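Novice: As input, take final37.cif (mmCIF, C-alpha atoms, pLDDT in the B column; chains and numbers go by the auth columns):
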```
data_coords
#
loop_
_atom_site.group_PDB
_atom_site.id
_atom_site.type_symbol
_atom_site.label_atom_id
_atom_site.label_comp_id
_atom_site.label_asym_id
_atom_site.label_seq_id
_atom_site.Cartn_x
_atom_site.Cartn_y
_atom_site.Cartn_z
_atom_site.B_iso_or_equiv
_atom_site.auth_seq_id
_atom_site.auth_asym_id
ATOM 1 C CA MET A 1 -9.380 -76.761 -18.252 95.00 10 N
ATOM 2 C CA ILE A 2 -6.844 -77.981 -20.766 97.00 11 N
ATOM 3 C CA ALA A 3 -3.116 -78.137 -21.291 97.00 12 N
ATOM 4 C CA ILE A 4 -1.473 -77.679 -24.665 98.00 13 N
ATOM 5 C CA VAL A 5 1.922 -79.235 -25.366 98.00 14 N
ATOM 6 C CA THR A 6 3.829 -78.468 -28.553 96.00 15 N
ATOM 7 C CA GLY A 7 6.579 -80.815 -29.640 95.00 16 N
ATOM 8 C CA ALA A 8 4.769 -83.620 -27.843 94.00 17 N
ATOM 9 C CA SER A 9 5.869 -86.361 -30.232 92.00 18 N
ATOM 10 C CA SER A 10 9.347 -86.677 -28.684 92.00 19 N
ATOM 11 C CA GLY A 11 11.916 -85.307 -26.271 93.00 20 N
ATOM 12 C CA MET A 12 10.955 -82.770 -23.641 95.00 21 N
ATOM 13 C CA GLY A 13 7.465 -82.293 -25.085 95.00 22 N
ATOM 14 C CA ARG A 14 6.691 -85.973 -24.694 95.00 23 N
ATOM 15 C CA GLU A 15 8.032 -85.956 -21.115 96.00 24 N
ATOM 16 C CA PHE A 16 5.987 -82.860 -20.210 96.00 25 N
ATOM 17 C CA PHE A 17 2.920 -84.604 -21.627 97.00 26 N
ATOM 18 C CA LYS A 18 3.539 -87.660 -19.450 95.00 27 N
ATOM 19 C CA LYS A 19 3.939 -85.547 -16.289 95.00 28 N
ATOM 20 C CA LEU A 20 0.802 -83.522 -17.034 96.00 29 N
ATOM 21 C CA ASP A 21 -1.154 -86.706 -17.687 96.00 30 N
ATOM 22 C CA GLN A 22 0.012 -88.211 -14.379 93.00 31 N
ATOM 23 C CA ASN A 23 -0.055 -85.185 -12.108 86.00 32 N
ATOM 24 C CA GLU A 24 -2.620 -82.642 -13.288 83.00 33 N
ATOM 25 C CA ASN A 25 -6.393 -82.692 -13.103 89.00 34 N
ATOM 26 C CA LEU A 26 -7.232 -81.656 -16.672 95.00 35 N
ATOM 27 C CA ASP A 27 -10.278 -82.120 -18.864 96.00 36 N
ATOM 28 C CA GLU A 28 -8.089 -82.640 -21.921 96.00 37 N
ATOM 29 C CA ILE A 29 -4.517 -82.353 -23.168 97.00 38 N
ATOM 30 C CA TRP A 30 -3.953 -81.039 -26.678 97.00 39 N
ATOM 31 C CA VAL A 31 -0.767 -82.385 -28.226 97.00 40 N
ATOM 32 C CA ILE A 32 0.820 -80.668 -31.206 96.00 41 N
ATOM 33 C CA ALA A 33 3.585 -81.954 -33.478 94.00 42 N
ATOM 34 C CA ARG A 34 4.193 -82.906 -37.102 91.00 43 N
ATOM 35 C CA ARG A 35 4.137 -86.676 -36.592 90.00 44 N
ATOM 36 C CA ALA A 36 0.515 -87.714 -36.095 92.00 45 N
ATOM 37 C CA ASN A 37 1.377 -91.384 -35.525 92.00 46 N
ATOM 38 C CA ARG A 38 3.505 -90.536 -32.477 92.00 47 N
ATOM 39 C CA LEU A 39 0.767 -88.303 -31.103 94.00 48 N
ATOM 40 C CA GLU A 40 -1.764 -91.103 -31.545 93.00 49 N
ATOM 41 C CA GLU A 41 0.517 -93.356 -29.473 92.00 50 N
ATOM 42 C CA LEU A 42 0.313 -90.820 -26.638 90.00 51 N
ATOM 43 C CA LYS A 43 -3.447 -90.779 -26.928 91.00 52 N
ATOM 44 C CA GLU A 44 -3.593 -94.555 -26.513 91.00 53 N
ATOM 45 C CA GLN A 45 -1.409 -94.467 -23.376 90.00 54 N
ATOM 46 C CA ALA A 46 -3.016 -91.500 -21.608 95.00 55 N
ATOM 47 C CA LYS A 47 -5.446 -91.462 -18.720 94.00 56 N
ATOM 48 C CA THR A 48 -6.506 -87.907 -19.672 96.00 57 N
ATOM 49 C CA PRO A 49 -8.459 -87.362 -22.911 96.00 58 N
ATOM 50 C CA VAL A 50 -6.086 -86.241 -25.668 96.00 59 N
ATOM 51 C CA ARG A 51 -6.726 -84.132 -28.757 96.00 60 N
ATOM 52 C CA VAL A 52 -4.190 -84.771 -31.498 96.00 61 N
ATOM 53 C CA ILE A 53 -3.253 -81.762 -33.618 96.00 62 N
ATOM 54 C CA ALA A 54 -0.778 -82.786 -36.293 94.00 63 N
ATOM 55 C CA CYS A 55 0.737 -79.748 -37.969 92.00 64 N
ATOM 56 C CA ASP A 56 3.952 -77.999 -38.929 92.00 65 N
ATOM 57 C CA LEU A 57 4.275 -74.931 -36.718 92.00 66 N
ATOM 58 C CA THR A 58 6.619 -73.252 -39.202 89.00 67 N
ATOM 59 C CA ASP A 59 3.736 -73.120 -41.673 89.00 68 N
ATOM 60 C CA GLY A 60 1.615 -69.976 -41.318 89.00 69 N
ATOM 61 C CA GLU A 61 -1.481 -71.890 -42.403 93.00 70 N
ATOM 62 C CA SER A 62 -1.045 -74.272 -39.454 93.00 71 N
ATOM 63 C CA ILE A 63 -0.963 -71.330 -37.044 93.00 72 N
ATOM 64 C CA LYS A 64 -4.158 -69.963 -38.647 95.00 73 N
ATOM 65 C CA ASN A 65 -5.830 -73.366 -38.224 95.00 74 N
ATOM 66 C CA TYR A 66 -4.708 -73.529 -34.582 95.00 75 N
ATOM 67 C CA LYS A 67 -6.121 -70.047 -33.990 96.00 76 N
ATOM 68 C CA ALA A 68 -9.417 -71.023 -35.647 97.00 77 N
ATOM 69 C CA LEU A 69 -9.629 -74.127 -33.441 97.00 78 N
ATOM 70 C CA LEU A 70 -9.120 -72.027 -30.319 98.00 79 N
ATOM 71 C CA GLU A 71 -11.755 -69.540 -31.463 97.00 80 N
ATOM 72 C CA LYS A 72 -14.213 -72.352 -32.109 97.00 81 N
ATOM 73 C CA GLU A 73 -13.569 -74.316 -28.888 97.00 82 N
ATOM 74 C CA GLN A 74 -12.975 -71.344 -26.534 97.00 83 N
ATOM 75 C CA PRO A 75 -10.925 -73.493 -24.140 97.00 84 N
ATOM 76 C CA GLN A 76 -9.662 -72.480 -20.725 97.00 85 N
ATOM 77 C CA ILE A 77 -5.930 -73.076 -21.000 97.00 86 N
ATOM 78 C CA LYS A 78 -4.382 -73.914 -17.648 97.00 87 N
ATOM 79 C CA ILE A 79 -0.949 -74.824 -18.999 96.00 88 N
ATOM 80 C CA LEU A 80 0.791 -74.076 -22.308 97.00 89 N
ATOM 81 C CA VAL A 81 4.071 -75.932 -22.802 97.00 90 N
ATOM 82 C CA ASN A 82 6.151 -74.806 -25.783 96.00 91 N
ATOM 83 C CA CYS A 83 8.559 -77.647 -26.518 94.00 92 N
ATOM 84 C CA SER A 84 8.638 -77.587 -30.309 91.00 93 N
ATOM 85 C CA GLY A 85 12.128 -76.955 -31.495 87.00 94 N
ATOM 86 C CA TYR A 86 15.382 -78.366 -32.695 85.00 95 N
ATOM 87 C CA GLY A 87 19.040 -77.519 -32.700 87.00 96 N
ATOM 88 C CA LYS A 88 21.949 -78.120 -34.991 87.00 97 N
ATOM 89 C CA PHE A 89 25.330 -77.888 -33.320 88.00 98 N
ATOM 90 C CA GLY A 90 28.672 -77.067 -34.848 86.00 99 N
ATOM 91 C CA HIS A 91 30.590 -74.280 -36.485 86.00 100 N
ATOM 92 C CA SER A 92 28.687 -71.896 -38.718 82.00 101 N
ATOM 93 C CA ASP A 93 30.449 -73.279 -41.795 86.00 102 N
ATOM 94 C CA VAL A 94 28.930 -76.703 -41.041 88.00 103 N
ATOM 95 C CA ILE A 95 25.341 -75.595 -40.399 91.00 104 N
ATOM 96 C CA SER A 96 23.476 -74.623 -43.541 91.00 105 N
ATOM 97 C CA LEU A 97 21.618 -71.352 -43.839 90.00 106 N
ATOM 98 C CA GLU A 98 18.438 -73.367 -44.386 92.00 107 N
ATOM 99 C CA ASP A 99 18.943 -75.155 -41.051 91.00 108 N
ATOM 100 C CA SER A 100 19.731 -71.893 -39.249 90.00 109 N
ATOM 101 C CA LEU A 101 16.602 -70.228 -40.591 92.00 110 N
ATOM 102 C CA GLY A 102 14.546 -73.335 -39.833 89.00 111 N
ATOM 103 C CA MET A 103 15.648 -73.205 -36.192 88.00 112 N
ATOM 104 C CA ILE A 104 14.659 -69.531 -35.996 91.00 113 N
ATOM 105 C CA ASP A 105 11.289 -70.259 -37.581 89.00 114 N
ATOM 106 C CA LEU A 106 10.438 -73.089 -35.184 90.00 115 N
ATOM 107 C CA ASN A 107 12.316 -72.171 -31.998 89.00 116 N
ATOM 108 C CA CYS A 108 11.449 -68.459 -32.058 93.00 117 N
ATOM 109 C CA LYS A 109 8.702 -67.459 -34.486 93.00 118 N
ATOM 110 C CA ALA A 110 6.453 -70.471 -33.881 93.00 119 N
ATOM 111 C CA LEU A 111 6.872 -70.200 -30.112 94.00 120 N
ATOM 112 C CA VAL A 112 5.800 -66.548 -30.185 95.00 121 N
ATOM 113 C CA SER A 113 2.900 -67.316 -32.543 95.00 122 N
ATOM 114 C CA ILE A 114 1.567 -70.244 -30.491 95.00 123 N
ATOM 115 C CA THR A 115 1.762 -68.215 -27.289 96.00 124 N
ATOM 116 C CA ASP A 116 0.239 -65.069 -28.791 96.00 125 N
ATOM 117 C CA VAL A 117 -2.708 -66.957 -30.270 96.00 126 N
ATOM 118 C CA ALA A 118 -3.323 -68.776 -26.979 97.00 127 N
ATOM 119 C CA LEU A 119 -3.119 -65.743 -24.672 96.00 128 N
ATOM 120 C CA PRO A 120 -6.837 -64.826 -24.862 97.00 129 N
ATOM 121 C CA TYR A 121 -7.648 -68.291 -23.476 97.00 130 N
ATOM 122 C CA ILE A 122 -5.056 -68.317 -20.693 96.00 131 N
ATOM 123 C CA GLU A 123 -6.585 -67.215 -17.426 88.00 132 N
ATOM 124 C CA LYS A 124 -5.123 -65.911 -14.182 90.00 133 N
ATOM 125 C CA ASN A 125 -3.000 -68.467 -12.304 92.00 134 N
ATOM 126 C CA SER A 126 -2.261 -70.402 -15.489 94.00 135 N
ATOM 127 C CA HIS A 127 1.240 -71.210 -16.698 95.00 136 N
ATOM 128 C CA VAL A 128 3.246 -70.833 -19.899 95.00 137 N
ATOM 129 C CA VAL A 129 6.378 -72.970 -20.081 94.00 138 N
#
```
Would you kindly transcribe this structure into structure tokens?
Specialist:
Amino acid sequence: MIAIVTGASSGMGREFFKKLDQNENLDEIWVIARRANRLEELKEQAKTPVRVIACDLTDGESIKNYKALLEKEQPQIKILVNCSGYGKFGHSDVISLEDSLGMIDLNCKALVSITDVALPYIEKNSHVV
């Protein structure tokens, strides 16, 4: 049984990782984020084996690679935590269109993609956060 945590390099994703590592009986935790060096730091600190998956979830090729990894490994996903995301705050005239679309791509499209690709490996009594 594994857990997968997106956005694990910082913020809520990192905190979810720490709680899972401390409180869950898992065979492995897969951590996903763009910054491999921060994910490697988690791996060094963890009591649970960690698989580092450094990728940009707004890139369609990264989602394809994630799907291929799941197909190859056929894991039993006990917990999927979707914490990848970011927010820009302010009036619409301050936030660029590029930033707005980037938030949609990561906060919405990537979340749906990661969940959809993982669903065949999520069994009864598992959790998606």
Novice: Evaluate the PyMOL selection byres ((chain N and resi 72-86) around 12) on the structure here and hand back the selected residues as a ChimeraX atom specification.
Specialist: /N:10-15,35-42,60-71,87-90,115,118-137
Novice: Set the distance at 7 Å and use all atoms listed in the file: which residues neighbour N:Ser18 once local chain neighbours fewer than 3 positions away are removed? I'd like the list as number ranges by chain.
Specialist: N: 22-23, 42, 44, 47-48
Novice: Quick one: distance from atom CA of N:Gly16 to atom CA of N:Cys92 in Å, one decimal?
Specialist: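 So the two atoms, atom CA of N:Gly16 and atom CA of N:Cys92, lie 4.9 Å apart.
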Novice: What is the atom CA of N:Asp114 to atom CA of N:Gly96 distance in Å?
Specialist: 11.7 Å
Novice: Atom CA of N:Met21 and atom CA of N:Ile104, how far apart in Å?
Specialist: 23.2 Å
Novice: Enclose the full set of atoms of stretch 65-81 of chain N listed in the file within a box whose edges lie along x, y and z, apply 8 Å of padding to each of the six sides, and report centre and edge lengths in Å to one decimal as JSON.
Specialist:
```
{"center_x": -3.8, "center_y": -73.8, "center_z": -36.4, "size_x": 36.8, "size_y": 24.5, "size_z": 28.1}
```
